[in-house]
Number of protein chains: 2
Amino acid sequence: MTVKIGLVGTGTVGGGCIDIILNHKEDFKRHLGVDIELARVCSLDSAEAEARGVGHLFTKDFNDIINDPDIDLVIELIGGTGVAHAIVTGALKAGKNVVTANKALMATAGEEIFRLADEAGVEIAFEASVGGGIPIIDPLKHSLISNEISSVLGIVNGTTNYMLTRMDEDGMSYDDVLAEAQAKGFAEADPSADVDGFDAAAKIAILASIAFNSRVVMSDVHTEGIRNIQPIDLATAHDMGYVVKLLAIAHRTPEGIDVRVHPTMIPEEHQMAKVNGVYNAIYVTGDAVGETMFFGEGAGAGPAASAVMGDVLDVSRHITMGIPPIVGCTCTDKLPIVPIDNLQTRYYIRLVVPDRTGVLACAADVFARHDVSLRSVSQEGTRARDAVNLIFVTHTASEANIRAALAELDAMDDMLQAEPTVIRVED
Amino acid sequence: MTVKIGLVGTGTVGGGCIDIILNHKEDFKRHLGVDIELARVCSLDSAEAEARGVGHLFTKDFNDIINDPDIDLVIELIGGTGVAHAIVTGALKAGKNVVTANKALMATAGEEIFRLADEAGVEIAFEASVGGGIPIIDPLKHSLISNEISSVLGIVNGTTNYMLTRMDEDGMSYDDVLAEAQAKGFAEADPSADVDGFDAAAKIAILASIAFNSRVVMSDVHTEGIRNIQPIDLATAHDMGYVVKLLAIAHRTPEGIDVRVHPTMIPEEHQMAKVNGVYNAIYVTGDAVGETMFFGEGAGAGPAASAVMGDVLDVSRHITMGIPPIVGCTCTDKLPIVPIDNLQTRYYIRLVVPDRTGVLACAADVFARHDVSLRSVSQEGTRARDAVNLIFVTHTASEANIRAALAELDAMDDMLQAEPTVIRVED
C-alpha cells in the first residue's frame, strides 16, 4: 500500500521534508518497506510548493487535507497554538495520524491531543518539537523505559546558546550579539520566545511529561531568560570554574516535579558546558542508565526535517503493517509541581548600584536579614561613571529568601539602577 | 497477560536486570501496561540467583528455558559465540523472542540470527551490545531512518578510553595504566579483547550494518589496538592540536564501506575529544540531521541492564499487544567493504630506532621512495640510552604506501627496535 501524506506548512522545515520525500522515496521502499507519497501540500502561498516542483499538490485550505479521505497522515509545520491547533485536532478527529514539530501546541494542549488521538485510534508523533534533529523523545519512550528518570537538563534553544557563546568567547554585549543573531537569521525580529526562555520552557515541559510520566504544561515552568546577562557575568563564572547556559531543568523530587528555565552556572568540566553555538544537548539521568547525553543541531531545515520524517516513516511503517498505536499518552502519574519558592540552591547575583560608600554594606545587610548567607562579595566597575556592579555569590539559600531580599533592595530609593542579574548554580 | 522471561547469565548485567525487574515491576504495569515476570534464571552457579532472592527460579540447564512453553522471551547475557550461540539460536527456533547484549555474536552470526527470528516471527533485540546504556541502535532504526547516514564514529570501549585518558592526563605508561585498569576491574586479566580493539570492532560492525543497511561482520573490520601507544604519542598529539582515541570508524564512500578500529587523532575541539574515562560516545552524521552524538556510560551493571531491560519492555509491549516484529534485519543493500590499503589519510608514525647518525635520513628516504610526503620529522629521546624516537607526520598518503615503507624499514638490519606506532588522523 501507499501511505498518503498531507503537509501543512512549506517553510524551512516543510521544504526540507519535501526534499527528503522526493529524494529518498525509493530508499524508503527498499530499506523500510514503506511507500510514502506526498499527496497534498498546504500553505498561505504556493510559491514554495512550486519552487520544489509540487505546485500541482498545492491548496490554500487545510480543510482540503483534513477532509480528503485518501490522506493517511498529516504533517503540521506552521507552529503556534491557533490555526495549528485546528489543523492537528481536526486531522485527529478525521482519523488521520499526525506528525508535528509544534512545541508550543504540545506543551499547552498535549492532554487534549493525546485524548483525540486515542479516541480515533491514530498516532501523534512530535520528535521534532524538542532538540531539532536530536533523537530524544523516541529514546525516552523506548530505550530508556526501564529507568526511573531523576532529571532532564537541556540546552534546547540554539539562539540563546549561540548568543551566550559569542558573549563568552568574544566579550560582545547582549545588545550587539542579539543584533548579530538577528542579522544571521538565528533570532527573530521579536526575539522574546528565545531570549525570554519561552521556547525552552515548552520543550522542557514536553520532556518532563515523558520522563516523569506526569503532565507538565508550559505554565508550570518557572521561566527566566537571558536579557540581564552581560559578558561580566560570563567572565566571573569562568573565574569560579563555571560556564553560563540557558538551562531547561526538570528534577524529580520527593515533593514533586521541579521544572524551570533560567540562566544557570554549570561546572566547566561538565559535558554540557562544552555544547556551544547553535548546538543543543539533552542530559538525562536515570536510576539504571546513569548519565547519558544526546547532542546535535537544534534547528535548521535538515535536522528538523530529519526528526519529522523519522516520525513520518515510523508511523507509516505501522500504517503499512496494520499496527495500532503502540505508545500513546505516557502521563500515567499525577505528580505535583514544586513551587519555585521552595528551591534551595546557590546563587550568583549582580546588582548595579550607585558608586557610593555604604551601598555594599547596606545590600549585604539586606541579604543577611533574609537569611541569605554570602560566600563572596565583590565590586566591579560598569561603563557608567556613577554606578558599580556588586556581585554576590551565596551559599545554599532559599529562593523565597532571595526574592524577598531582592524585593526589599528594589523598594529602596536610589539603590538598584537595573534589574538584578540572577544566575542559579547547578552542580 | 503476563510476559514470562527466562534469563541466562546472572553476572553483573544479569544481576542488574533482576534488580530492575524486582524493583520496578509495578511501575512497568502502570506506565507501560506491561506485566513482566521473571520465570526462570540460568547460570553455572546458583549463588547469584540466591543472593538476589530468585534461587527458586534457578536452573543450570539452559534447555529448561528454551523448552519451557510458557516462556515468551529469553535474555542471553553470557557473552561469547559458543554456548551463547546455542542459546540464542535455540530460543529463536523454539519461537521465543530474544534480547541479548552479545556484540561478538551479533557481529559474527547476525545474518543467521535475523533469519531465524524472521522464520519464527519473533523479535531479536540487542541495544546493549553497543555503548552500554546509550540508546544508539534504536535511534538508528527509528528516529534517524529518514537519513542517508554517511559516517558513524564511536568511542565504544570504555577500558581503552580510560587507559588513554590516564596516559594523557597523568603521563602514565601503557603497562602501568593497564595494571591499574586490571586492579580496578575495568580490564580483564587477558585484556586482548579491549586493548587489541576486537570489542570495538564487533560494535562498529553492528553499527555499520544498521547505519548503511548492509551487513558488516567483525572480520570486515580492519582492527588495531593501543598496545603501541605511549604518553609521548599523546603529548605530541596535543602539540599538534589533537587527542588520541581508540576510534571505531565507519564511512560510506563511493567505493563501499570503509570500516576500521585504530588509535586515531581527532581535533581537540571536536565533541568526541572531550569524551573521557570510561564514558562512550557514538557520533553519527546523516544527510539531513547533520552531526549528532550519543553519550553515556559504556559499561557497568546499571547502564547495560538499562539497555537490556529497555529492549525487554519494548518487546514485551509488542507481545502484550499482539504486535508482530516491526523491524527485522535492516541489511537491504549489499555494499562492498573498502580494503584498508585504499585508505588515504594523514599519519603519525613513531619509530624507535638506534641513536646513530644517518638513521633519520635513511628512514625519511624510505618514506620518500614509497611516495609518502612528510610534513614533519622530529627526534625525541627514549628511556633507553641507545635508542631514540623518530616521529613522522605525513601529508595525505596512501595506506598501501605507508605499509610498504614500514615493511621495508622492518626488514632492515638494526633499524626498528620496537613495533612502529601508527596513528591515523581523522579531521
# chains A, B, ... in the order shown; residues from 1 in each chain; ligands from 1
$ residues_around --residues "region 415-419 of chain B" --least-positions-apart "2" --cutoff "8 Å" --atoms "only C-alpha atoms" --output "PyMOL selection string"
chain B and resi 228+351-354+359+387+409-410+412-413+421
$ select_by_dssp --residues "region 100-267 of chain A" --states "strand (DSSP E)" --output "PyMOL selection string"
chain A and resi 100+124-125+149-155+222-223+242-253+256-267
$ select_by_dssp --residues "region 118-201 of chain A" --states "helix (DSSP H, G or I)" --output "ChimeraX atom specification"
/A:118-120,127-129,137-141,158-170,174-183,192-195,198-201
$ write_last_selection --atoms "N, CA and C atoms" --output "tab-separated table (two decimals), in the first residue's frame"
chain	number	residue	atom	x	y	z
A	118	ASP	N	-6.14	9.04	20.85
A	118	ASP	CA	-6.56	7.78	21.45
A	118	ASP	C	-7.97	7.41	21.00
A	119	GLU	N	-8.86	8.39	21.02
A	119	GLU	CA	-10.25	8.13	20.60
A	119	GLU	C	-10.33	7.70	19.15
A	120	ALA	N	-9.47	8.28	18.31
A	120	ALA	CA	-9.51	7.96	16.88
A	120	ALA	C	-8.67	6.73	16.55
A	127	GLU	N	8.65	14.18	17.64
A	127	GLU	CA	10.10	14.18	17.93
A	127	GLU	C	10.73	15.53	17.62
A	128	ALA	N	10.30	16.18	16.55
A	128	ALA	CA	10.93	17.44	16.12
A	128	ALA	C	10.59	18.62	17.02
A	129	SER	N	9.69	18.41	17.97
A	129	SER	CA	9.31	19.55	18.82
A	129	SER	C	10.41	19.90	19.81
A	137	ILE	N	12.87	12.19	22.20
A	137	ILE	CA	11.56	11.72	22.63
A	137	ILE	C	11.44	10.21	22.41
A	138	ASP	N	11.89	9.74	21.25
A	138	ASP	CA	11.83	8.30	20.99
A	138	ASP	C	12.67	7.50	22.01
A	139	PRO	N	13.92	7.89	22.28
A	139	PRO	CA	14.67	7.17	23.33
A	139	PRO	C	13.98	7.19	24.69
A	140	LEU	N	13.36	8.32	25.06
A	140	LEU	CA	12.66	8.36	26.35
A	140	LEU	C	11.46	7.42	26.36
A	141	LYS	N	10.84	7.22	25.20
A	141	LYS	CA	9.64	6.36	25.14
A	141	LYS	C	9.97	4.91	24.86
A	158	GLY	N	18.81	27.04	20.53
A	158	GLY	CA	20.05	27.33	19.83
A	158	GLY	C	20.37	28.82	19.77
A	159	THR	N	19.33	29.65	19.66
A	159	THR	CA	19.55	31.09	19.55
A	159	THR	C	20.27	31.63	20.78
A	160	THR	N	19.73	31.33	21.95
A	160	THR	CA	20.34	31.85	23.17
A	160	THR	C	21.69	31.19	23.43
A	161	ASN	N	21.84	29.93	23.02
A	161	ASN	CA	23.14	29.29	23.24
A	161	ASN	C	24.21	29.93	22.34
A	162	TYR	N	23.80	30.27	21.12
A	162	TYR	CA	24.71	31.00	20.23
A	162	TYR	C	25.08	32.35	20.86
A	163	MET	N	24.08	33.06	21.37
A	163	MET	CA	24.33	34.38	21.95
A	163	MET	C	25.25	34.30	23.16
A	164	LEU	N	24.99	33.36	24.04
A	164	LEU	CA	25.83	33.21	25.23
A	164	LEU	C	27.25	32.80	24.85
A	165	THR	N	27.38	31.92	23.84
A	165	THR	CA	28.71	31.51	23.40
A	165	THR	C	29.50	32.71	22.85
A	166	ARG	N	28.83	33.54	22.04
A	166	ARG	CA	29.51	34.72	21.48
A	166	ARG	C	29.89	35.71	22.59
A	167	MET	N	28.98	35.93	23.54
A	167	MET	CA	29.27	36.84	24.64
A	167	MET	C	30.45	36.32	25.45
A	168	ASP	N	30.50	35.01	25.62
A	168	ASP	CA	31.53	34.37	26.43
A	168	ASP	C	32.87	34.41	25.71
A	169	GLU	N	32.88	33.98	24.45
A	169	GLU	CA	34.15	33.84	23.74
A	169	GLU	C	34.69	35.17	23.23
A	170	ASP	N	33.78	36.10	22.90
A	170	ASP	CA	34.23	37.33	22.24
A	170	ASP	C	33.91	38.59	23.03
A	174	TYR	N	25.22	42.05	25.24
A	174	TYR	CA	23.94	41.42	24.92
A	174	TYR	C	23.31	42.05	23.69
A	175	ASP	N	23.26	43.38	23.64
A	175	ASP	CA	22.60	44.06	22.52
A	175	ASP	C	23.30	43.79	21.20
A	176	ASP	N	24.63	43.80	21.21
A	176	ASP	CA	25.37	43.57	19.97
A	176	ASP	C	25.18	42.14	19.46
A	177	VAL	N	25.21	41.20	20.37
A	177	VAL	CA	25.12	39.81	19.94
A	177	VAL	C	23.69	39.49	19.49
A	178	LEU	N	22.71	40.13	20.10
A	178	LEU	CA	21.32	39.94	19.63
A	178	LEU	C	21.18	40.48	18.21
A	179	ALA	N	21.73	41.67	17.98
A	179	ALA	CA	21.66	42.26	16.63
A	179	ALA	C	22.34	41.34	15.63
A	180	GLU	N	23.49	40.77	16.01
A	180	GLU	CA	24.19	39.87	15.10
A	180	GLU	C	23.36	38.61	14.82
A	181	ALA	N	22.78	38.05	15.88
A	181	ALA	CA	21.96	36.84	15.71
A	181	ALA	C	20.77	37.12	14.80
A	182	GLN	N	20.20	38.31	14.94
A	182	GLN	CA	19.07	38.66	14.07
A	182	GLN	C	19.53	38.82	12.63
A	183	ALA	N	20.70	39.43	12.44
A	183	ALA	CA	21.22	39.63	11.08
A	183	ALA	C	21.52	38.28	10.43
A	192	SER	N	11.57	37.51	21.66
A	192	SER	CA	11.10	37.16	23.01
A	192	SER	C	11.03	35.65	23.26
A	193	ALA	N	10.47	34.89	22.32
A	193	ALA	CA	10.30	33.44	22.55
A	193	ALA	C	11.64	32.80	22.90
A	194	ASP	N	12.70	33.25	22.26
A	194	ASP	CA	14.02	32.71	22.54
A	194	ASP	C	14.63	33.33	23.80
A	195	VAL	N	14.83	34.65	23.79
A	195	VAL	CA	15.64	35.27	24.85
A	195	VAL	C	14.92	35.31	26.20
A	198	PHE	N	10.81	31.22	26.65
A	198	PHE	CA	9.53	30.53	26.45
A	198	PHE	C	9.67	29.30	25.55
A	199	ASP	N	10.50	29.40	24.54
A	199	ASP	CA	10.74	28.26	23.66
A	199	ASP	C	11.32	27.10	24.46
A	200	ALA	N	12.30	27.38	25.30
A	200	ALA	CA	12.90	26.33	26.14
A	200	ALA	C	11.89	25.79	27.14
A	201	ALA	N	11.01	26.67	27.63
A	201	ALA	CA	10.00	26.23	28.61
A	201	ALA	C	9.05	25.21	27.99
$ residues_around --residues "Ile36 (chain B)" --least-positions-apart "4" --cutoff "12 Å" --atoms "only C-alpha atoms" --output "PDB file with C-alpha atoms, in the first residue's frame"
ATOM      1  CA  SER A 146      13.356   0.634  32.292  1.00  0.00           C
TER       2      SER A 146
ATOM      3  CA  MET B   1      -1.410 -11.168  30.093  1.00  0.00           C
ATOM      4  CA  THR B   2       1.924 -11.765  31.778  1.00  0.00           C
ATOM      5  CA  VAL B   3       5.102 -11.875  29.712  1.00  0.00           C
ATOM      6  CA  LYS B   4       7.309 -14.640  31.083  1.00  0.00           C
ATOM      7  CA  ILE B   5      11.028 -14.149  30.942  1.00  0.00           C
ATOM      8  CA  GLY B   6      13.900 -16.600  31.050  1.00  0.00           C
ATOM      9  CA  ILE B  18      16.968  -8.988  38.097  1.00  0.00           C
ATOM     10  CA  ILE B  20      15.196  -3.786  37.764  1.00  0.00           C
ATOM     11  CA  ILE B  21      12.503  -6.419  37.303  1.00  0.00           C
ATOM     12  CA  LEU B  22      12.017  -6.878  41.039  1.00  0.00           C
ATOM     13  CA  ASN B  23      12.102  -3.146  41.859  1.00  0.00           C
ATOM     14  CA  HIS B  24      10.067  -1.701  39.003  1.00  0.00           C
ATOM     15  CA  LYS B  25       7.567  -4.415  38.070  1.00  0.00           C
ATOM     16  CA  GLU B  26       4.590  -2.359  39.297  1.00  0.00           C
ATOM     17  CA  ASP B  27       5.876   0.801  37.584  1.00  0.00           C
ATOM     18  CA  PHE B  28       6.035  -1.054  34.280  1.00  0.00           C
ATOM     19  CA  LYS B  29       2.442  -2.243  34.685  1.00  0.00           C
ATOM     20  CA  ARG B  30       1.234   1.260  35.433  1.00  0.00           C
ATOM     21  CA  LEU B  32       3.607   0.747  30.018  1.00  0.00           C
ATOM     22  CA  ILE B  71       8.458 -18.597  28.424  1.00  0.00           C
ATOM     23  CA  ASP B  72       7.897 -15.779  25.922  1.00  0.00           C
ATOM     24  CA  LEU B  73      11.251 -14.047  25.970  1.00  0.00           C
ATOM     25  CA  MET B 309      15.542  -4.072  30.029  1.00  0.00           C
ATOM     26  CA  VAL B 312      12.766  -6.432  27.118  1.00  0.00           C
ATOM     27  CA  LEU B 313      10.000  -3.943  27.863  1.00  0.00           C
ATOM     28  CA  ASP B 314       9.665  -2.782  24.266  1.00  0.00           C
ATOM     29  CA  VAL B 315       9.376  -6.374  23.053  1.00  0.00           C
ATOM     30  CA  SER B 316       7.043  -7.226  25.939  1.00  0.00           C
ATOM     31  CA  ARG B 317       4.807  -4.322  24.944  1.00  0.00           C
ATOM     32  CA  ILE B 319       3.897  -9.310  22.857  1.00  0.00           C
ATOM     33  CA  THR B 320       1.188  -7.932  25.139  1.00  0.00           C
TER      34      THR B 320
END
$ atom_distance --atom1 "CA of Met272 (chain B)" --atom2 "CA of Ser150 (chain B)"
17.0 Å
$ interface_residues --of "chain B" --to "chain A" --cutoff "6 Å" --atoms "only C-alpha atoms" --output "short mmCIF file (atom, residue, chain, number, x, y, z; two decimals) with N, CA and C atoms, in the first residue's frame"
data_model
loop_
_atom_site.label_atom_id
_atom_site.label_comp_id
_atom_site.auth_asym_id
_atom_site.auth_seq_id
_atom_site.Cartn_x
_atom_site.Cartn_y
_atom_site.Cartn_z
N HIS B 31 2.89 2.26 33.94
CA HIS B 31 3.30 3.20 32.89
C HIS B 31 3.20 2.62 31.48
N GLY B 133 24.58 1.65 28.18
CA GLY B 133 23.24 2.18 28.34
C GLY B 133 22.85 3.21 27.32
N PRO B 135 21.36 4.85 24.26
CA PRO B 135 20.47 4.47 23.16
C PRO B 135 21.13 4.83 21.83
N SER B 143 14.40 6.92 14.86
CA SER B 143 14.42 8.38 14.71
C SER B 143 15.21 8.86 13.50
N LEU B 144 16.28 8.14 13.15
CA LEU B 144 17.19 8.65 12.11
C LEU B 144 16.94 8.02 10.73
N ILE B 145 15.85 7.26 10.57
CA ILE B 145 15.68 6.49 9.32
C ILE B 145 15.41 7.33 8.09
N SER B 146 15.14 8.61 8.24
CA SER B 146 14.96 9.41 7.02
C SER B 146 16.29 9.86 6.45
N ALA B 288 20.48 14.59 6.42
CA ALA B 288 19.50 15.58 6.89
C ALA B 288 19.86 16.07 8.30
N VAL B 289 20.14 15.15 9.19
CA VAL B 289 20.31 15.52 10.60
C VAL B 289 21.61 16.28 10.85
N GLU B 291 25.19 16.52 12.22
CA GLU B 291 26.00 15.80 13.20
C GLU B 291 25.24 15.63 14.50
N THR B 292 25.27 14.44 15.01
CA THR B 292 24.58 14.16 16.28
C THR B 292 25.41 13.18 17.09
N MET B 293 25.36 13.31 18.41
CA MET B 293 26.20 12.45 19.25
C MET B 293 25.38 11.88 20.40
N PHE B 294 25.69 10.64 20.72
CA PHE B 294 25.04 9.93 21.82
C PHE B 294 26.12 9.55 22.82
N PHE B 295 25.94 9.99 24.06
CA PHE B 295 27.00 9.90 25.07
C PHE B 295 26.48 9.23 26.33
N GLY B 296 27.32 8.46 26.99
CA GLY B 296 26.91 7.88 28.27
C GLY B 296 27.89 6.85 28.76
N GLY B 302 24.38 -1.18 35.85
CA GLY B 302 23.21 -0.33 35.62
C GLY B 302 23.01 0.03 34.17
N PRO B 303 24.01 0.66 33.52
CA PRO B 303 23.82 1.08 32.13
C PRO B 303 23.48 -0.09 31.20
N SER B 306 20.03 -1.28 31.86
CA SER B 306 19.06 -0.31 31.34
C SER B 306 18.73 -0.62 29.88
N MET B 309 16.93 -4.11 29.57
CA MET B 309 15.54 -4.07 30.03
C MET B 309 14.68 -3.13 29.17
N GLY B 310 15.30 -2.11 28.56
CA GLY B 310 14.56 -1.30 27.59
C GLY B 310 14.08 -2.16 26.44
N THR B 332 19.41 -4.35 3.75
CA THR B 332 18.69 -4.47 2.49
C THR B 332 19.56 -4.14 1.28
#
$ atom_distance --atom1 "CA of Ala104 (chain A)" --atom2 "CA of Asn63 (chain A)"
21.9 Å
$ atom_distance --atom1 "CA of Arg52 (chain A)" --atom2 "CA of Pro191 (chain A)"
29.5 Å
$ residues_around --residues "Lys60 (chain A)" --least-positions-apart "2" --cutoff "6 Å" --atoms "only C-alpha atoms" --output "compact mmCIF listing (two decimals) with C-alpha atoms, in the first residue's frame"
# COMPACT_ATOMS: atom_id res chain seq x y z
CA CYS A 42 -0.95 23.40 2.09
CA SER A 43 0.45 26.85 2.78
CA LEU A 44 -0.53 30.51 2.61
$ closest_residue --among "B:Val8, B:Ala248, B:Leu57, B:Cys362" --to "Ala86 (chain B)" --atoms "only C-alpha atoms"
B:Val8
$ residues_around --residues "Phe392 (chain B)" --least-positions-apart "6" --cutoff "7 Å" --atoms "only C-alpha atoms" --output "list in words"
Tyr348, Ile349, Arg350, Leu374, Ser376, Val377 and Ser378 of chain B
$ write_last_selection --atoms "C-alpha atoms" --output "mmCIF file, in the first residue's frame"
data_model
loop_
_atom_site.group_PDB
_atom_site.id
_atom_site.type_symbol
_atom_site.label_atom_id
_atom_site.label_comp_id
_atom_site.auth_asym_id
_atom_site.auth_seq_id
_atom_site.Cartn_x
_atom_site.Cartn_y
_atom_site.Cartn_z
ATOM 1 C CA TYR B 348 51.542 9.991 12.724
ATOM 2 C CA ILE B 349 54.258 7.342 12.851
ATOM 3 C CA ARG B 350 56.684 6.850 15.715
ATOM 4 C CA LEU B 374 56.406 14.083 5.112
ATOM 5 C CA SER B 376 57.424 16.976 9.809
ATOM 6 C CA VAL B 377 60.101 14.781 11.305
ATOM 7 C CA SER B 378 61.354 15.095 14.838
#
$ residues_around --residues "Ala237 (chain B)" --least-positions-apart "4" --cutoff "10 Å" --atoms "only C-alpha atoms" --output "PyMOL selection string"
chain B and resi 168+231-233+241-244+264-268+348+423+425
$ write_last_selection --atoms "N, CA and C atoms" --output "PDB file, in the first residue's frame"
ATOM      1  N   ASP B 168      47.118  10.161  29.063  1.00  0.00           N
ATOM      2  CA  ASP B 168      47.124  11.538  28.580  1.00  0.00           C
ATOM      3  C   ASP B 168      47.217  12.518  29.740  1.00  0.00           C
ATOM      4  N   PRO B 231      52.733   7.620  26.429  1.00  0.00           N
ATOM      5  CA  PRO B 231      52.423   9.027  26.724  1.00  0.00           C
ATOM      6  C   PRO B 231      53.035  10.011  25.726  1.00  0.00           C
ATOM      7  N   ILE B 232      54.223   9.690  25.184  1.00  0.00           N
ATOM      8  CA  ILE B 232      54.848  10.612  24.229  1.00  0.00           C
ATOM      9  C   ILE B 232      53.936  10.855  23.017  1.00  0.00           C
ATOM     10  N   ASP B 233      53.183   9.821  22.618  1.00  0.00           N
ATOM     11  CA  ASP B 233      52.294   9.978  21.464  1.00  0.00           C
ATOM     12  C   ASP B 233      51.144  10.937  21.793  1.00  0.00           C
ATOM     13  N   GLY B 241      47.496  19.782  18.327  1.00  0.00           N
ATOM     14  CA  GLY B 241      46.091  20.186  18.446  1.00  0.00           C
ATOM     15  C   GLY B 241      45.116  19.033  18.406  1.00  0.00           C
ATOM     16  N   TYR B 242      45.606  17.849  18.737  1.00  0.00           N
ATOM     17  CA  TYR B 242      44.758  16.654  18.661  1.00  0.00           C
ATOM     18  C   TYR B 242      44.744  15.883  19.983  1.00  0.00           C
ATOM     19  N   VAL B 243      43.757  15.016  20.135  1.00  0.00           N
ATOM     20  CA  VAL B 243      43.820  13.999  21.178  1.00  0.00           C
ATOM     21  C   VAL B 243      43.727  12.640  20.496  1.00  0.00           C
ATOM     22  N   VAL B 244      44.233  11.622  21.187  1.00  0.00           N
ATOM     23  CA  VAL B 244      44.236  10.272  20.625  1.00  0.00           C
ATOM     24  C   VAL B 244      43.137   9.445  21.285  1.00  0.00           C
ATOM     25  N   THR B 264      43.429   6.922  16.877  1.00  0.00           N
ATOM     26  CA  THR B 264      43.121   7.979  15.918  1.00  0.00           C
ATOM     27  C   THR B 264      43.305   9.332  16.583  1.00  0.00           C
ATOM     28  N   MET B 265      43.885  10.267  15.824  1.00  0.00           N
ATOM     29  CA  MET B 265      43.939  11.644  16.313  1.00  0.00           C
ATOM     30  C   MET B 265      42.688  12.367  15.865  1.00  0.00           C
ATOM     31  N   ILE B 266      41.988  12.984  16.832  1.00  0.00           N
ATOM     32  CA  ILE B 266      40.848  13.832  16.475  1.00  0.00           C
ATOM     33  C   ILE B 266      41.103  15.222  17.050  1.00  0.00           C
ATOM     34  N   PRO B 267      40.613  16.262  16.367  1.00  0.00           N
ATOM     35  CA  PRO B 267      40.899  17.625  16.823  1.00  0.00           C
ATOM     36  C   PRO B 267      40.423  17.850  18.257  1.00  0.00           C
ATOM     37  N   GLU B 268      41.228  18.561  19.023  1.00  0.00           N
ATOM     38  CA  GLU B 268      40.892  18.813  20.432  1.00  0.00           C
ATOM     39  C   GLU B 268      39.534  19.469  20.612  1.00  0.00           C
ATOM     40  N   TYR B 348      50.504   9.747  11.730  1.00  0.00           N
ATOM     41  CA  TYR B 348      51.542   9.991  12.724  1.00  0.00           C
ATOM     42  C   TYR B 348      52.222   8.641  12.909  1.00  0.00           C
ATOM     43  N   ILE B 423      49.353   6.155  14.122  1.00  0.00           N
ATOM     44  CA  ILE B 423      48.088   6.796  14.499  1.00  0.00           C
ATOM     45  C   ILE B 423      47.581   7.560  13.289  1.00  0.00           C
ATOM     46  N   VAL B 425      44.994  10.155  11.320  1.00  0.00           N
ATOM     47  CA  VAL B 425      44.370  11.430  11.672  1.00  0.00           C
ATOM     48  C   VAL B 425      42.976  11.494  11.041  1.00  0.00           C
TER      49      VAL B 425
END
$ residues_around --residues "Phe114 (chain A)" --least-positions-apart "6" --cutoff "12 Å" --atoms "only C-alpha atoms" --output "PyMOL selection string"
chain A and resi 88-89+92-93+97-98+105-108+120-126+215+325+327-331
$ write_last_selection --atoms "N, CA and C atoms" --output "mmCIF file, in the first residue's frame"
data_model
loop_
_atom_site.group_PDB
_atom_site.id
_atom_site.type_symbol
_atom_site.label_atom_id
_atom_site.label_comp_id
_atom_site.auth_asym_id
_atom_site.auth_seq_id
_atom_site.Cartn_x
_atom_site.Cartn_y
_atom_site.Cartn_z
ATOM 1 N N VAL A 88 -4.300 20.213 13.786
ATOM 2 C CA VAL A 88 -3.936 18.970 14.470
ATOM 3 C C VAL A 88 -5.179 18.281 15.033
ATOM 4 N N THR A 89 -6.020 19.030 15.741
ATOM 5 C CA THR A 89 -7.210 18.395 16.324
ATOM 6 C C THR A 89 -8.171 17.962 15.219
ATOM 7 N N LEU A 92 -6.844 14.731 13.645
ATOM 8 C CA LEU A 92 -7.039 13.581 14.541
ATOM 9 C C LEU A 92 -8.504 13.154 14.544
ATOM 10 N N LYS A 93 -9.399 14.148 14.651
ATOM 11 C CA LYS A 93 -10.837 13.828 14.657
ATOM 12 C C LYS A 93 -11.261 13.156 13.354
ATOM 13 N N ASN A 97 -3.441 10.088 11.200
ATOM 14 C CA ASN A 97 -2.245 10.168 12.026
ATOM 15 C C ASN A 97 -1.620 11.548 11.846
ATOM 16 N N VAL A 98 -0.998 12.050 12.900
ATOM 17 C CA VAL A 98 -0.430 13.396 12.839
ATOM 18 C C VAL A 98 1.025 13.378 13.305
ATOM 19 N N LEU A 105 2.251 23.951 20.951
ATOM 20 C CA LEU A 105 0.974 23.235 20.957
ATOM 21 C C LEU A 105 1.027 22.012 21.876
ATOM 22 N N MET A 106 2.110 21.226 21.755
ATOM 23 C CA MET A 106 2.214 20.018 22.575
ATOM 24 C C MET A 106 2.368 20.365 24.059
ATOM 25 N N ALA A 107 2.990 21.511 24.346
ATOM 26 C CA ALA A 107 3.232 21.886 25.745
ATOM 27 C C ALA A 107 2.050 22.601 26.376
ATOM 28 N N THR A 108 1.022 22.893 25.575
ATOM 29 C CA THR A 108 -0.159 23.536 26.147
ATOM 30 C C THR A 108 -1.403 22.658 25.984
ATOM 31 N N ALA A 120 -9.467 8.280 18.315
ATOM 32 C CA ALA A 120 -9.510 7.956 16.884
ATOM 33 C C ALA A 120 -8.670 6.728 16.547
ATOM 34 N N GLY A 121 -7.889 6.247 17.518
ATOM 35 C CA GLY A 121 -7.022 5.093 17.250
ATOM 36 C C GLY A 121 -5.905 5.398 16.277
ATOM 37 N N VAL A 122 -5.397 6.623 16.339
ATOM 38 C CA VAL A 122 -4.304 7.015 15.438
ATOM 39 C C VAL A 122 -3.108 7.495 16.259
ATOM 40 N N GLU A 123 -2.017 7.765 15.552
ATOM 41 C CA GLU A 123 -0.789 8.170 16.243
ATOM 42 C C GLU A 123 -0.563 9.674 16.176
ATOM 43 N N ILE A 124 0.041 10.199 17.239
ATOM 44 C CA ILE A 124 0.528 11.568 17.249
ATOM 45 C C ILE A 124 2.022 11.494 17.596
ATOM 46 N N ALA A 125 2.859 12.032 16.735
ATOM 47 C CA ALA A 125 4.311 11.955 16.954
ATOM 48 C C ALA A 125 4.906 13.349 16.844
ATOM 49 N N PHE A 126 5.915 13.637 17.665
ATOM 50 C CA PHE A 126 6.370 15.026 17.777
ATOM 51 C C PHE A 126 7.852 15.121 18.163
ATOM 52 N N ARG A 215 1.907 14.880 33.469
ATOM 53 C CA ARG A 215 1.723 16.037 32.586
ATOM 54 C C ARG A 215 2.333 17.309 33.168
ATOM 55 N N PRO A 325 -1.566 2.154 17.236
ATOM 56 C CA PRO A 325 -0.626 2.975 18.025
ATOM 57 C C PRO A 325 -0.096 2.170 19.207
ATOM 58 N N VAL A 327 2.523 3.456 21.586
ATOM 59 C CA VAL A 327 2.737 4.316 22.756
ATOM 60 C C VAL A 327 1.849 5.548 22.611
ATOM 61 N N GLY A 328 0.869 5.659 23.469
ATOM 62 C CA GLY A 328 0.021 6.849 23.453
ATOM 63 C C GLY A 328 0.503 7.830 24.503
ATOM 64 N N CYS A 329 -0.452 8.454 25.188
ATOM 65 C CA CYS A 329 -0.089 9.371 26.263
ATOM 66 C C CYS A 329 0.660 8.589 27.339
ATOM 67 N N THR A 330 1.788 9.130 27.786
ATOM 68 C CA THR A 330 2.606 8.435 28.783
ATOM 69 C C THR A 330 2.408 9.005 30.188
ATOM 70 N N CYS A 331 1.462 9.930 30.335
ATOM 71 C CA CYS A 331 1.286 10.591 31.639
ATOM 72 C C CYS A 331 0.376 9.772 32.544
#
